[in-house]
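With compact mmCIF, C-alpha atoms and all ligand atoms inside, this is data.txt:
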# COMPACT_ATOMS: atom_id res chain seq x y z
CA MET A 206 -26.21 3.49 15.62
CA LYS A 207 -27.89 1.79 18.59
CA ASN A 208 -27.97 3.60 21.93
CA GLY A 209 -26.83 2.23 25.25
CA ARG A 210 -23.77 0.29 24.15
CA GLN A 211 -20.67 0.38 26.30
CA ARG A 212 -18.10 2.59 24.64
CA LEU A 213 -19.39 5.55 22.68
CA VAL A 214 -16.52 7.80 21.59
CA LEU A 215 -16.70 11.28 20.07
CA VAL A 216 -13.97 12.29 17.64
CA ALA A 217 -14.11 16.03 16.89
CA GLY A 218 -12.13 16.70 13.72
CA GLY A 219 -12.66 13.08 12.68
CA ALA A 220 -12.85 13.81 8.95
CA GLY A 221 -9.31 15.16 8.92
CA PHE A 222 -6.01 13.42 8.34
CA LEU A 223 -5.32 12.16 11.88
CA GLY A 224 -8.98 12.04 12.92
CA SER A 225 -10.04 9.66 10.15
CA HIS A 226 -7.26 7.21 11.06
CA LEU A 227 -8.25 7.51 14.71
CA CYS A 228 -11.88 6.67 13.81
CA ASP A 229 -10.65 3.54 12.01
CA ALA A 230 -8.52 2.48 14.99
CA LEU A 231 -11.35 3.03 17.48
CA LEU A 232 -13.77 1.01 15.34
CA ALA A 233 -11.17 -1.76 15.11
CA GLU A 234 -11.10 -1.80 18.92
CA GLY A 235 -14.88 -2.31 18.96
CA ALA A 236 -15.94 1.21 19.97
CA GLU A 237 -18.93 3.07 18.60
CA VAL A 238 -17.69 6.27 17.02
CA LEU A 239 -19.44 9.59 16.59
CA CYS A 240 -17.44 11.85 14.34
CA LEU A 241 -18.04 15.61 14.35
CA ASP A 242 -16.49 17.85 11.73
CA ASN A 243 -17.16 21.11 9.89
CA PHE A 244 -15.14 19.99 6.82
CA LEU A 245 -12.93 23.05 6.96
CA THR A 246 -9.83 21.01 6.14
CA GLY A 247 -11.28 17.51 6.45
CA HIS A 248 -13.07 15.60 3.71
CA ARG A 249 -15.93 13.11 3.44
CA ARG A 250 -13.70 10.98 1.22
CA ASN A 251 -11.54 10.19 4.27
CA LEU A 252 -14.55 8.44 5.80
CA ARG A 253 -16.27 7.06 2.70
CA HIS A 254 -15.16 3.50 3.55
CA LEU A 255 -17.19 3.79 6.79
CA GLU A 256 -20.49 4.72 5.13
CA ARG A 257 -22.02 1.30 5.81
CA GLU A 258 -20.40 0.83 9.21
CA PRO A 259 -23.24 0.55 11.78
CA ARG A 260 -20.97 1.61 14.66
CA PHE A 261 -20.02 4.87 12.94
CA ASP A 262 -21.91 8.12 12.58
CA LEU A 263 -20.97 11.52 11.20
CA ILE A 264 -22.31 14.90 12.34
CA GLU A 265 -21.52 18.07 10.42
CA ALA A 266 -21.03 20.87 12.95
CA ASP A 267 -18.56 23.54 14.02
CA ILE A 268 -17.36 23.22 17.63
CA VAL A 269 -17.25 27.02 17.90
CA ASP A 270 -21.02 27.25 17.40
CA GLY A 271 -22.09 25.20 20.41
CA LEU A 272 -23.00 21.55 20.18
CA PRO A 273 -25.55 19.97 17.84
CA ALA A 274 -28.82 18.56 19.25
CA ARG A 275 -27.50 15.01 19.15
CA LEU A 276 -24.85 15.94 21.72
CA ARG A 277 -27.26 17.95 23.89
CA GLN A 278 -29.44 14.97 24.81
CA PRO A 279 -29.72 14.94 28.62
CA ARG A 280 -29.07 11.21 29.04
CA LEU A 281 -26.13 11.01 26.64
CA LYS A 282 -23.20 9.01 28.03
CA LEU A 283 -19.85 9.25 26.30
CA ALA A 284 -16.84 7.18 27.30
CA GLU A 285 -14.27 9.38 25.59
CA VAL A 286 -14.03 12.69 23.74
CA TYR A 287 -11.08 13.28 21.45
CA ASN A 288 -10.62 16.90 20.36
CA LEU A 289 -8.70 16.92 17.09
CA ALA A 290 -10.75 19.70 15.54
CA CYS A 291 -8.46 22.45 14.27
CA ALA A 292 -6.73 23.13 10.98
CA ALA A 293 -3.11 22.04 11.43
CA SER A 294 -1.36 23.39 8.35
CA PRO A 295 0.08 26.93 8.71
CA PRO A 296 -1.51 28.36 5.52
CA ARG A 297 -4.85 26.82 6.46
CA TYR A 298 -4.93 27.95 10.09
CA GLN A 299 -3.68 31.42 9.13
CA ALA A 300 -6.42 31.86 6.49
CA ASP A 301 -8.96 32.72 9.23
CA PRO A 302 -6.91 33.30 12.39
CA GLU A 303 -9.86 34.40 14.50
CA HIS A 304 -11.73 31.18 13.74
CA THR A 305 -8.58 29.16 14.50
CA MET A 306 -8.23 30.82 17.90
CA LEU A 307 -11.94 30.36 18.67
CA THR A 308 -11.78 26.72 17.58
CA SER A 309 -9.12 26.03 20.19
CA VAL A 310 -10.57 28.17 22.97
CA VAL A 311 -14.37 28.19 22.58
CA GLY A 312 -14.45 24.81 20.83
CA THR A 313 -12.33 23.14 23.52
CA SER A 314 -14.47 24.74 26.23
CA ASN A 315 -17.62 23.34 24.57
CA LEU A 316 -16.11 19.85 24.40
CA LEU A 317 -14.83 19.99 27.99
CA ARG A 318 -18.33 20.93 29.16
CA LEU A 319 -19.68 18.02 27.16
CA SER A 320 -17.12 15.70 28.78
CA GLU A 321 -18.08 16.93 32.24
CA ARG A 322 -21.80 16.40 31.54
CA THR A 323 -21.45 12.97 29.94
CA GLY A 324 -18.71 11.59 32.20
CA ALA A 325 -16.25 11.24 29.31
CA ARG A 326 -12.49 11.24 29.53
CA PHE A 327 -11.21 14.09 27.36
CA LEU A 328 -8.12 14.12 25.15
CA LEU A 329 -6.79 17.30 23.55
CA ALA A 330 -4.68 17.07 20.40
CA SER A 331 -2.20 19.78 21.32
CA THR A 332 0.98 20.45 19.42
CA SER A 333 4.73 20.86 19.49
CA GLU A 334 3.95 24.43 18.39
CA VAL A 335 3.38 25.25 22.08
CA TYR A 336 7.21 25.21 22.27
CA GLY A 337 7.34 27.88 19.52
CA ASP A 338 10.87 28.39 18.16
CA PRO A 339 12.50 26.36 20.92
CA GLU A 340 15.65 27.42 22.77
CA VAL A 341 15.79 23.97 24.39
CA HIS A 342 16.56 20.96 22.24
CA PRO A 343 15.13 18.34 22.15
CA GLN A 344 11.87 19.50 23.68
CA ARG A 345 10.64 17.95 26.92
CA GLU A 346 7.21 18.56 28.36
CA THR A 347 8.73 20.64 31.17
CA TYR A 348 9.95 23.30 28.70
CA TRP A 349 7.56 26.28 28.71
CA GLY A 350 8.30 27.35 25.17
CA ASN A 351 9.26 30.39 23.13
CA VAL A 352 6.13 31.54 21.32
CA ASN A 353 5.63 34.90 19.64
CA SER A 354 2.20 35.76 21.01
CA THR A 355 1.46 38.38 18.34
CA GLY A 356 2.85 36.78 15.17
CA PRO A 357 0.96 35.04 12.36
CA ARG A 358 1.33 31.60 14.03
CA ALA A 359 -0.05 32.86 17.34
CA CYS A 360 -3.68 32.06 16.49
CA TYR A 361 -2.69 28.39 16.46
CA ASP A 362 0.11 28.27 19.05
CA GLU A 363 -1.58 30.47 21.62
CA GLY A 364 -4.97 28.90 20.89
CA LYS A 365 -3.53 25.48 21.73
CA ARG A 366 -1.77 26.85 24.81
CA ALA A 367 -5.09 28.28 26.01
CA ALA A 368 -6.82 24.96 25.25
CA GLU A 369 -4.20 23.15 27.36
CA ALA A 370 -4.77 25.64 30.20
CA LEU A 371 -8.53 25.04 30.04
CA ALA A 372 -8.07 21.27 30.04
CA PHE A 373 -5.87 21.33 33.14
CA ASP A 374 -8.26 23.75 34.89
CA TYR A 375 -11.01 21.17 34.37
CA ALA A 376 -8.73 18.43 35.70
CA ARG A 377 -7.71 20.44 38.79
CA ALA A 378 -11.33 21.20 39.57
CA GLY A 379 -12.28 17.53 39.16
CA ARG A 380 -14.70 18.42 36.37
CA ALA A 381 -13.23 15.99 33.82
CA GLU A 382 -10.39 13.55 33.42
CA VAL A 383 -8.08 15.00 30.80
CA ARG A 384 -5.19 13.87 28.66
CA VAL A 385 -3.12 16.26 26.55
CA ALA A 386 -1.00 15.01 23.66
CA ARG A 387 1.64 17.37 22.27
CA ILE A 388 1.82 16.04 18.75
CA PHE A 389 4.94 16.62 16.63
CA ASN A 390 4.85 16.71 12.80
CA THR A 391 2.95 13.68 11.59
CA TYR A 392 2.52 12.50 8.01
CA GLY A 393 0.93 9.73 6.00
CA PRO A 394 -1.97 8.77 3.74
CA ARG A 395 -5.05 11.08 3.78
CA MET A 396 -3.09 14.28 4.29
CA ALA A 397 -4.84 16.75 2.00
CA ALA A 398 -2.73 17.20 -1.12
CA ASP A 399 -3.39 20.94 -1.11
CA ASP A 400 -3.08 21.76 2.57
CA GLY A 401 0.42 23.17 2.32
CA ARG A 402 2.37 21.06 4.80
CA VAL A 403 5.85 20.01 3.79
CA VAL A 404 5.41 16.26 3.32
CA SER A 405 2.23 16.54 1.24
CA ASN A 406 3.69 19.43 -0.78
CA VAL A 407 6.99 17.73 -1.53
CA VAL A 408 5.47 14.34 -2.38
CA THR A 409 2.77 15.75 -4.66
CA GLN A 410 5.23 18.09 -6.35
CA ALA A 411 7.72 15.25 -6.92
CA LEU A 412 5.03 12.96 -8.33
CA ALA A 413 3.73 15.66 -10.66
CA GLY A 414 7.18 16.72 -11.83
CA ASP A 415 6.51 20.22 -10.48
CA ASP A 416 9.11 22.42 -8.77
CA ILE A 417 9.75 21.44 -5.16
CA THR A 418 9.25 24.47 -2.91
CA VAL A 419 11.82 24.73 -0.11
CA TYR A 420 11.17 27.61 2.27
CA GLY A 421 14.39 29.29 3.36
CA ASP A 422 17.62 27.35 2.82
CA GLY A 423 16.11 24.02 3.91
CA SER A 424 18.37 23.71 6.97
CA GLN A 425 15.47 23.94 9.45
CA THR A 426 14.70 20.60 11.07
CA ARG A 427 11.57 18.63 11.88
CA SER A 428 11.02 15.11 13.22
CA PHE A 429 8.39 13.24 11.26
CA CYS A 430 6.12 10.60 12.79
CA TYR A 431 4.11 8.15 10.73
CA VAL A 432 0.35 8.37 11.28
CA ASP A 433 -0.18 4.76 12.50
CA ASP A 434 2.39 5.27 15.23
CA LEU A 435 0.84 8.54 16.28
CA VAL A 436 -2.67 7.08 16.45
CA SER A 437 -1.44 4.19 18.61
CA GLY A 438 0.06 6.81 20.96
CA LEU A 439 -3.26 8.67 21.18
CA LEU A 440 -5.09 5.45 22.05
CA LYS A 441 -2.54 4.55 24.72
CA LEU A 442 -2.64 8.00 26.22
CA MET A 443 -6.43 8.00 26.39
CA ALA A 444 -6.47 4.50 27.92
CA HIS A 445 -3.83 5.31 30.54
CA ASP A 446 -5.37 5.12 34.01
CA GLY A 447 -2.45 6.20 36.17
CA GLU A 448 -1.33 9.70 37.16
CA LEU A 449 0.42 11.79 34.55
CA PRO A 450 2.45 14.89 35.37
CA GLY A 451 0.89 16.90 32.52
CA PRO A 452 0.96 16.86 28.72
CA VAL A 453 2.73 14.04 26.90
CA ASN A 454 4.88 14.49 23.77
CA LEU A 455 3.99 12.15 20.91
CA GLY A 456 6.29 12.18 17.93
CA ASN A 457 9.27 10.55 16.30
CA PRO A 458 12.65 11.70 17.65
CA VAL A 459 14.43 11.07 14.32
CA GLU A 460 15.27 14.62 13.24
CA LEU A 461 16.13 15.72 9.71
CA THR A 462 16.40 18.92 7.75
CA VAL A 463 13.79 19.91 5.20
CA GLY A 464 16.56 19.63 2.60
CA ASP A 465 17.19 15.98 3.65
CA LEU A 466 13.49 15.22 3.38
CA VAL A 467 13.38 16.63 -0.14
CA GLU A 468 16.43 14.55 -1.16
CA ARG A 469 14.82 11.37 0.12
CA VAL A 470 11.51 11.98 -1.61
CA LEU A 471 13.27 12.81 -4.89
CA ALA A 472 15.28 9.58 -4.64
CA MET A 473 12.28 7.44 -3.73
CA THR A 474 10.04 8.81 -6.47
CA GLY A 475 12.76 8.96 -9.13
CA SER A 476 11.48 12.46 -9.84
CA SER A 477 13.48 15.00 -11.79
CA SER A 478 11.66 17.97 -10.24
CA ALA A 479 13.79 21.05 -9.67
CA VAL A 480 14.15 22.50 -6.18
CA VAL A 481 13.20 26.17 -5.87
CA ARG A 482 13.67 28.41 -2.84
CA ARG A 483 10.84 30.44 -1.35
CA PRO A 484 10.98 32.88 1.57
CA LEU A 485 10.99 31.33 5.01
CA PRO A 486 7.62 32.05 6.66
CA VAL A 487 7.63 34.45 9.63
CA ASP A 488 8.39 32.71 12.97
CA ASP A 489 9.08 29.36 11.27
CA PRO A 490 10.74 27.25 14.02
CA ARG A 491 14.44 26.56 13.30
CA ARG A 492 14.45 23.08 14.80
CA ARG A 493 12.15 20.62 16.47
CA ARG A 494 12.61 17.19 18.03
CA PRO A 495 10.57 15.54 20.75
CA ASP A 496 11.97 14.00 23.88
CA ILE A 497 9.58 11.07 24.25
CA SER A 498 10.92 9.54 27.46
CA LEU A 499 7.68 10.36 29.29
CA ALA A 500 5.55 8.55 26.69
CA TRP A 501 7.92 5.58 26.81
CA ASP A 502 8.07 5.46 30.64
CA ARG A 503 4.35 5.89 31.28
CA LEU A 504 2.66 4.50 28.19
CA GLY A 505 5.28 2.11 26.83
CA TRP A 506 4.88 3.97 23.56
CA ARG A 507 7.40 4.86 20.90
CA PRO A 508 7.17 5.02 17.11
CA VAL A 509 8.11 1.88 15.19
CA THR A 510 7.76 2.91 11.54
CA PRO A 511 11.02 3.90 9.83
CA LEU A 512 10.86 7.06 7.71
CA GLU A 513 11.51 5.12 4.49
CA ARG A 514 8.53 2.84 5.07
CA GLY A 515 6.24 5.69 6.07
CA LEU A 516 7.28 7.75 3.07
CA GLU A 517 6.74 4.76 0.80
CA ALA A 518 3.14 4.40 2.02
CA THR A 519 2.59 8.14 1.69
CA ILE A 520 3.99 8.26 -1.84
CA ASP A 521 1.79 5.28 -2.83
CA TYR A 522 -1.23 7.08 -1.40
CA PHE A 523 -0.62 10.34 -3.27
CA ALA A 524 0.19 8.43 -6.45
CA SER A 525 -3.22 6.76 -6.19
CA VAL A 526 -5.22 9.96 -5.58
CA THR A 527 -3.46 12.44 -7.84
CA ARG A 528 -3.49 12.40 -11.61
CA PRO A 529 -0.48 10.82 -13.30
CA VAL A 530 2.03 13.19 -14.89
CA SER A 531 1.27 11.72 -18.32
CA ALA A 532 -2.42 12.65 -17.95
CA ARG A 533 -1.49 16.19 -16.89
CA ARG A 534 0.81 16.58 -19.92
CA ARG A 535 -2.00 15.56 -22.30
CA GLU A 536 -4.31 18.28 -20.91
P1 LIG B 1 -6.55 18.28 9.58
O1 LIG B 1 -6.62 19.70 9.16
O2 LIG B 1 -6.42 17.23 8.55
O3 LIG B 1 -7.77 17.89 10.52
C1 LIG B 1 -8.45 18.81 11.34
C2 LIG B 1 -9.93 18.49 11.26
O4 LIG B 1 -10.66 19.38 12.13
C3 LIG B 1 -10.50 18.68 9.85
O5 LIG B 1 -11.30 17.59 9.51
C4 LIG B 1 -11.31 19.97 9.97
O6 LIG B 1 -12.35 20.04 9.03
C5 LIG B 1 -11.77 19.91 11.41
N1 LIG B 1 -12.08 21.21 12.01
C6 LIG B 1 -11.32 22.33 11.98
N2 LIG B 1 -11.93 23.32 12.68
C7 LIG B 1 -13.10 22.80 13.15
C8 LIG B 1 -14.17 23.33 13.89
N3 LIG B 1 -14.17 24.61 14.33
N4 LIG B 1 -15.24 22.54 14.16
C9 LIG B 1 -15.27 21.25 13.71
N5 LIG B 1 -14.28 20.69 13.00
C10 LIG B 1 -13.20 21.46 12.71
O7 LIG B 1 -5.29 18.21 10.59
P2 LIG B 1 -4.62 16.95 11.29
O8 LIG B 1 -3.23 16.91 10.86
O9 LIG B 1 -5.48 15.76 11.15
O10 LIG B 1 -4.63 17.45 12.80
C11 LIG B 1 -5.59 16.99 13.73
C12 LIG B 1 -5.31 17.64 15.09
O11 LIG B 1 -4.00 17.27 15.53
C13 LIG B 1 -5.37 19.15 15.06
O12 LIG B 1 -5.99 19.60 16.25
C14 LIG B 1 -3.92 19.58 15.05
O13 LIG B 1 -3.72 20.82 15.69
C15 LIG B 1 -3.25 18.45 15.83
N6 LIG B 1 -1.86 18.28 15.41
C16 LIG B 1 -1.55 17.70 14.21
C17 LIG B 1 -0.22 17.60 13.83
C18 LIG B 1 0.19 16.95 12.54
O14 LIG B 1 1.39 16.95 12.21
N7 LIG B 1 -0.68 16.34 11.77
C19 LIG B 1 0.80 18.10 14.67
C20 LIG B 1 0.42 18.72 15.86
C21 LIG B 1 -0.90 18.80 16.23
N1 LIG B 2 8.14 23.91 4.16
C1 LIG B 2 8.87 23.93 2.97
N2 LIG B 2 8.19 23.78 1.80
C2 LIG B 2 6.85 23.59 1.74
C3 LIG B 2 6.13 23.55 2.94
C4 LIG B 2 6.80 23.73 4.14
O1 LIG B 2 10.09 24.10 2.98
O2 LIG B 2 6.32 23.44 0.62
C5 LIG B 2 8.88 24.03 5.44
C6 LIG B 2 8.29 25.01 6.45
O3 LIG B 2 8.76 26.30 6.25
C7 LIG B 2 8.76 24.39 7.76
C8 LIG B 2 8.81 22.89 7.48
O4 LIG B 2 8.84 22.75 6.06
O5 LIG B 2 10.07 24.83 8.03
C9 LIG B 2 7.59 22.15 8.04
O6 LIG B 2 6.44 22.82 7.58
P1 LIG B 2 4.97 22.30 7.85
O7 LIG B 2 4.02 23.35 7.37
O8 LIG B 2 4.79 20.94 7.34
O9 LIG B 2 4.89 22.16 9.44
P2 LIG B 2 5.24 23.15 10.64
O10 LIG B 2 5.96 24.36 10.15
O11 LIG B 2 3.94 23.48 11.24
O12 LIG B 2 6.13 22.33 11.49

Would it be possible to restate this file's structure as structure tokens?
Ligand code: NAD
Ligand code: UDP
Amino acid sequence: MKNGRQRLVLVAGGAGFLGSHLCDALLAEGAEVLCLDNFLTGHRRNLRHLEREPRFDLIEADIVDGLPARLRQPRLKLAEVYNLACAASPPRYQADPEHTMLTSVVGTSNLLRLSERTGARFLLASTSEVYGDPEVHPQRETYWGNVNSTGPRACYDEGKRAAEALAFDYARAGRAEVRVARIFNTYGPRMAADDGRVVSNVVTQALAGDDITVYGDGSQTRSFCYVDDLVSGLLKLMAHDGELPGPVNLGNPVELTVGDLVERVLAMTGSSSAVVRRPLPVDDPRRRRPDISLAWDRLGWRPVTPLERGLEATIDYFASVTRPVSARRRE
């Protein structure tokens, strides 16, 4: 990558599901992209198509451990820093809760310092989990949330809440321009098949003819946003020059139960998988739906991909990366 070009953008967590799509979108806009990732839940295969891209570079590093030499250069100028680094799937972020918490707190602090030093605008990928198990429905940005601060999800929820606090402290002190996206459940190609989230689990199970695991009775709701829509929201939020009152919800307000999702995937795949019940995880939110009027008013953003079309693309993706059922039966 050549130095001194106009728009150098850092994407922390760029080898992950959302991050790799964001790298693609930034490159399509003409930016130079530096991706930083520790490959905890991300994969090189998500970026393999960029190997020969001269405007793309990949650094392996953990944002908890301070910044690599490349990012410590005194004259480095960055236009934007996106912080997407953090495992997002409950089983993955609970596997090492201390590291998850440090990723959000220490890692975000490291990237905010970098933004201050390099003059970059900073965007935090926060989460609807800051609302916890919400008593207000749908969730607006003004709702302060209902998070269990000592439960197994706290490392993620409270880590993100602390990261938001840090970001707004930097903004108040004039140390960096910040944007905070509260992202609601997002799905699509390049989710890791084994990361344990509901869409990837259900689709891979249906395609393989394995039992579909529904946690609890399946009546809990989520609102699923297709990845392309979400990435366009991140770009618009980062590019927004006007005042914002605080964090901005990004998600799809179409709400459905986990049971409904399973029915749709079974119908679309023609799978005859059985549905089996598993215990509902501790503190699993009962319902979740974003109010996106702020994103619409200020950014002119709303999702445009219907669930059917997004699921179709996701099913095609998993069908292309997982072994066919016939091959599994022969083994
Ligand atoms: P993901 O797990 O696919 O991606 C996270 C990426 O961050 C991975 O590539 C991982 O290797 C990397 N990473 C984790 N810890 C790191 C560390 N300490 N240092 C460097 N890299 C690290 O998850 P995703 O779905 O792409 O989520 C991306 C971001 O968006 C996360 O911050 C997540 O909290 C947020 N988010 C995602 C969703 C969603 O539904 N996908 C919802 C809300 C918030
Ligand atoms: N879930 C499920 N089966 C699975 C994985 C998840 O029923 O195989 C449920 C989970 O308990 C939650 C919902 O699906 O109620 C969404 O889970 P996910 O991990 O995707 O996201 P989050 O809980 O973080 O919203």

Residue nearest ligand LIG 1 (chain B) - candidates A:Ala367, A:Leu440, A:Ala386, A:Leu471, atoms counted: all atoms listed in the file
A:Ala386

If you count only C-alpha atoms and all ligand atoms, which residues end up within 7 Å of ligand LIG 1 (chain B), as a PyMOL selection string?
chain A and resi 217-224+241-248+266-269+288-294+305+308+312+330-333+387-392+396-397

What would the file look like if the residues just selected were written as a CSV table (one decimal), keeping the file's coordinate frame with C-alpha atoms?
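Heads up, here's the output in selection_5.csv:
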chain,number,residue,atom,x,y,z
A,217,ALA,CA,-14.1,16.0,16.9
A,218,GLY,CA,-12.1,16.7,13.7
A,219,GLY,CA,-12.7,13.1,12.7
A,220,ALA,CA,-12.8,13.8,9.0
A,221,GLY,CA,-9.3,15.2,8.9
A,222,PHE,CA,-6.0,13.4,8.3
A,223,LEU,CA,-5.3,12.2,11.9
A,224,GLY,CA,-9.0,12.0,12.9
A,241,LEU,CA,-18.0,15.6,14.4
A,242,ASP,CA,-16.5,17.8,11.7
A,243,ASN,CA,-17.2,21.1,9.9
A,244,PHE,CA,-15.1,20.0,6.8
A,245,LEU,CA,-12.9,23.0,7.0
A,246,THR,CA,-9.8,21.0,6.1
A,247,GLY,CA,-11.3,17.5,6.4
A,248,HIS,CA,-13.1,15.6,3.7
A,266,ALA,CA,-21.0,20.9,13.0
A,267,ASP,CA,-18.6,23.5,14.0
A,268,ILE,CA,-17.4,23.2,17.6
A,269,VAL,CA,-17.2,27.0,17.9
A,288,ASN,CA,-10.6,16.9,20.4
A,289,LEU,CA,-8.7,16.9,17.1
A,290,ALA,CA,-10.8,19.7,15.5
A,291,CYS,CA,-8.5,22.4,14.3
A,292,ALA,CA,-6.7,23.1,11.0
A,293,ALA,CA,-3.1,22.0,11.4
A,294,SER,CA,-1.4,23.4,8.4
A,305,THR,CA,-8.6,29.2,14.5
A,308,THR,CA,-11.8,26.7,17.6
A,312,GLY,CA,-14.4,24.8,20.8
A,330,ALA,CA,-4.7,17.1,20.4
A,331,SER,CA,-2.2,19.8,21.3
A,332,THR,CA,1.0,20.4,19.4
A,333,SER,CA,4.7,20.9,19.5
A,387,ARG,CA,1.6,17.4,22.3
A,388,ILE,CA,1.8,16.0,18.8
A,389,PHE,CA,4.9,16.6,16.6
A,390,ASN,CA,4.8,16.7,12.8
A,391,THR,CA,3.0,13.7,11.6
A,392,TYR,CA,2.5,12.5,8.0
A,396,MET,CA,-3.1,14.3,4.3
A,397,ALA,CA,-4.8,16.8,2.0

Residues within 9 Å of ligand LIG 2 (chain B) should be enumerated using all atoms listed in the file and returned as a VMD selection string.
chain A and resid 293 to 296 333 to 334 358 389 to 392 400 to 407 410 417 to 428 462 to 464 467 482 to 487 489 to 493

Output file for the selection above: C-alpha atoms, as a PDB file, in the coordinates of the input:
ATOM      1  CA  ALA A 293      -3.110  22.040  11.430  1.00  0.00           C
ATOM      2  CA  SER A 294      -1.360  23.390   8.350  1.00  0.00           C
ATOM      3  CA  PRO A 295       0.080  26.930   8.710  1.00  0.00           C
ATOM      4  CA  PRO A 296      -1.510  28.360   5.520  1.00  0.00           C
ATOM      5  CA  SER A 333       4.730  20.860  19.490  1.00  0.00           C
ATOM      6  CA  GLU A 334       3.950  24.430  18.390  1.00  0.00           C
ATOM      7  CA  ARG A 358       1.330  31.600  14.030  1.00  0.00           C
ATOM      8  CA  PHE A 389       4.940  16.620  16.630  1.00  0.00           C
ATOM      9  CA  ASN A 390       4.850  16.710  12.800  1.00  0.00           C
ATOM     10  CA  THR A 391       2.950  13.680  11.590  1.00  0.00           C
ATOM     11  CA  TYR A 392       2.520  12.500   8.010  1.00  0.00           C
ATOM     12  CA  ASP A 400      -3.080  21.760   2.570  1.00  0.00           C
ATOM     13  CA  GLY A 401       0.420  23.170   2.320  1.00  0.00           C
ATOM     14  CA  ARG A 402       2.370  21.060   4.800  1.00  0.00           C
ATOM     15  CA  VAL A 403       5.850  20.010   3.790  1.00  0.00           C
ATOM     16  CA  VAL A 404       5.410  16.260   3.320  1.00  0.00           C
ATOM     17  CA  SER A 405       2.230  16.540   1.240  1.00  0.00           C
ATOM     18  CA  ASN A 406       3.690  19.430  -0.780  1.00  0.00           C
ATOM     19  CA  VAL A 407       6.990  17.730  -1.530  1.00  0.00           C
ATOM     20  CA  GLN A 410       5.230  18.090  -6.350  1.00  0.00           C
ATOM     21  CA  ILE A 417       9.750  21.440  -5.160  1.00  0.00           C
ATOM     22  CA  THR A 418       9.250  24.470  -2.910  1.00  0.00           C
ATOM     23  CA  VAL A 419      11.820  24.730  -0.110  1.00  0.00           C
ATOM     24  CA  TYR A 420      11.170  27.610   2.270  1.00  0.00           C
ATOM     25  CA  GLY A 421      14.390  29.290   3.360  1.00  0.00           C
ATOM     26  CA  ASP A 422      17.620  27.350   2.820  1.00  0.00           C
ATOM     27  CA  GLY A 423      16.110  24.020   3.910  1.00  0.00           C
ATOM     28  CA  SER A 424      18.370  23.710   6.970  1.00  0.00           C
ATOM     29  CA  GLN A 425      15.470  23.940   9.450  1.00  0.00           C
ATOM     30  CA  THR A 426      14.700  20.600  11.070  1.00  0.00           C
ATOM     31  CA  ARG A 427      11.570  18.630  11.880  1.00  0.00           C
ATOM     32  CA  SER A 428      11.020  15.110  13.220  1.00  0.00           C
ATOM     33  CA  THR A 462      16.400  18.920   7.750  1.00  0.00           C
ATOM     34  CA  VAL A 463      13.790  19.910   5.200  1.00  0.00           C
ATOM     35  CA  GLY A 464      16.560  19.630   2.600  1.00  0.00           C
ATOM     36  CA  VAL A 467      13.380  16.630  -0.140  1.00  0.00           C
ATOM     37  CA  ARG A 482      13.670  28.410  -2.840  1.00  0.00           C
ATOM     38  CA  ARG A 483      10.840  30.440  -1.350  1.00  0.00           C
ATOM     39  CA  PRO A 484      10.980  32.880   1.570  1.00  0.00           C
ATOM     40  CA  LEU A 485      10.990  31.330   5.010  1.00  0.00           C
ATOM     41  CA  PRO A 486       7.620  32.050   6.660  1.00  0.00           C
ATOM     42  CA  VAL A 487       7.630  34.450   9.630  1.00  0.00           C
ATOM     43  CA  ASP A 489       9.080  29.360  11.270  1.00  0.00           C
ATOM     44  CA  PRO A 490      10.740  27.250  14.020  1.00  0.00           C
ATOM     45  CA  ARG A 491      14.440  26.560  13.300  1.00  0.00           C
ATOM     46  CA  ARG A 492      14.450  23.080  14.800  1.00  0.00           C
ATOM     47  CA  ARG A 493      12.150  20.620  16.470  1.00  0.00           C
TER      48      ARG A 493
END

Which is closer to Asp502 (chain A) than all the others in A:Leu442, A:Ala518, A:Leu412, A:Met473, using all atoms listed in the file?
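Closest residue, counting all atoms listed in the file: A:Leu442.
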
What is the CA of Pro279 (chain A)-CA of Ser309 (chain A) distance in Å, reported with one decimal?
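Separation of CA of Pro279 (chain A) and CA of Ser309 (chain A): 24.9 Å.
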
Between CA of Asp465 (chain A) and CA of Ala524 (chain A) - distance in Å to one decimal:
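Interatomic distance here is 21.2 Å.
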
Please determine, counting all atoms listed in the file, which residue among A:Leu466, A:Ala413, A:Ile497, A:Val238 has the shortest atom-to-atom distance to Gly438 (chain A).
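Closest candidate: A:Ile497.
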
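Take the candidates A:Leu328, A:Glu321, A:Glu340, A:Thr355 and check each one against Gly379 (chain A) using all atoms listed in the file; the shortest distance goes to A:Glu321.
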
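With distances taken over all atoms listed in the file, A:Val383 is the one residue among A:Leu461, A:Val383, A:Val480, A:Leu316 lying closest to Asp446 (chain A).
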
Which residue out of A:Gly235, A:Ala411, A:Cys240, A:Gly475 has the minimum interatomic distance to Pro273 (chain A) when only C-alpha atoms are used?
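Closest to Pro273 (chain A) of all the choices is A:Cys240.
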
Between CA of Thr510 (chain A) and CA of Asp434 (chain A), what distance in Å does the model show, to one decimal?
6.9 Å

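Residues in contact range of Glu234 (chain A), defined as at most 12 Å between only C-alpha atoms, with sequence neighbours fewer than 4 positions away removed, read Arg212, Leu213, Val214, Leu227, Cys228, Asp229, Ala230, Val238, Arg260, Ser437, Leu440 and Ala444 of chain A.
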
Pull C-alpha atoms from the residues just selected and write them as a compact mmCIF listing (two decimals), in the coordinates of the input.
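As a result, part26.txt now contains:
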# COMPACT_ATOMS: atom_id res chain seq x y z
CA ARG A 212 -18.10 2.59 24.64
CA LEU A 213 -19.39 5.55 22.68
CA VAL A 214 -16.52 7.80 21.59
CA LEU A 227 -8.25 7.51 14.71
CA CYS A 228 -11.88 6.67 13.81
CA ASP A 229 -10.65 3.54 12.01
CA ALA A 230 -8.52 2.48 14.99
CA VAL A 238 -17.69 6.27 17.02
CA ARG A 260 -20.97 1.61 14.66
CA SER A 437 -1.44 4.19 18.61
CA LEU A 440 -5.09 5.45 22.05
CA ALA A 444 -6.47 4.50 27.92
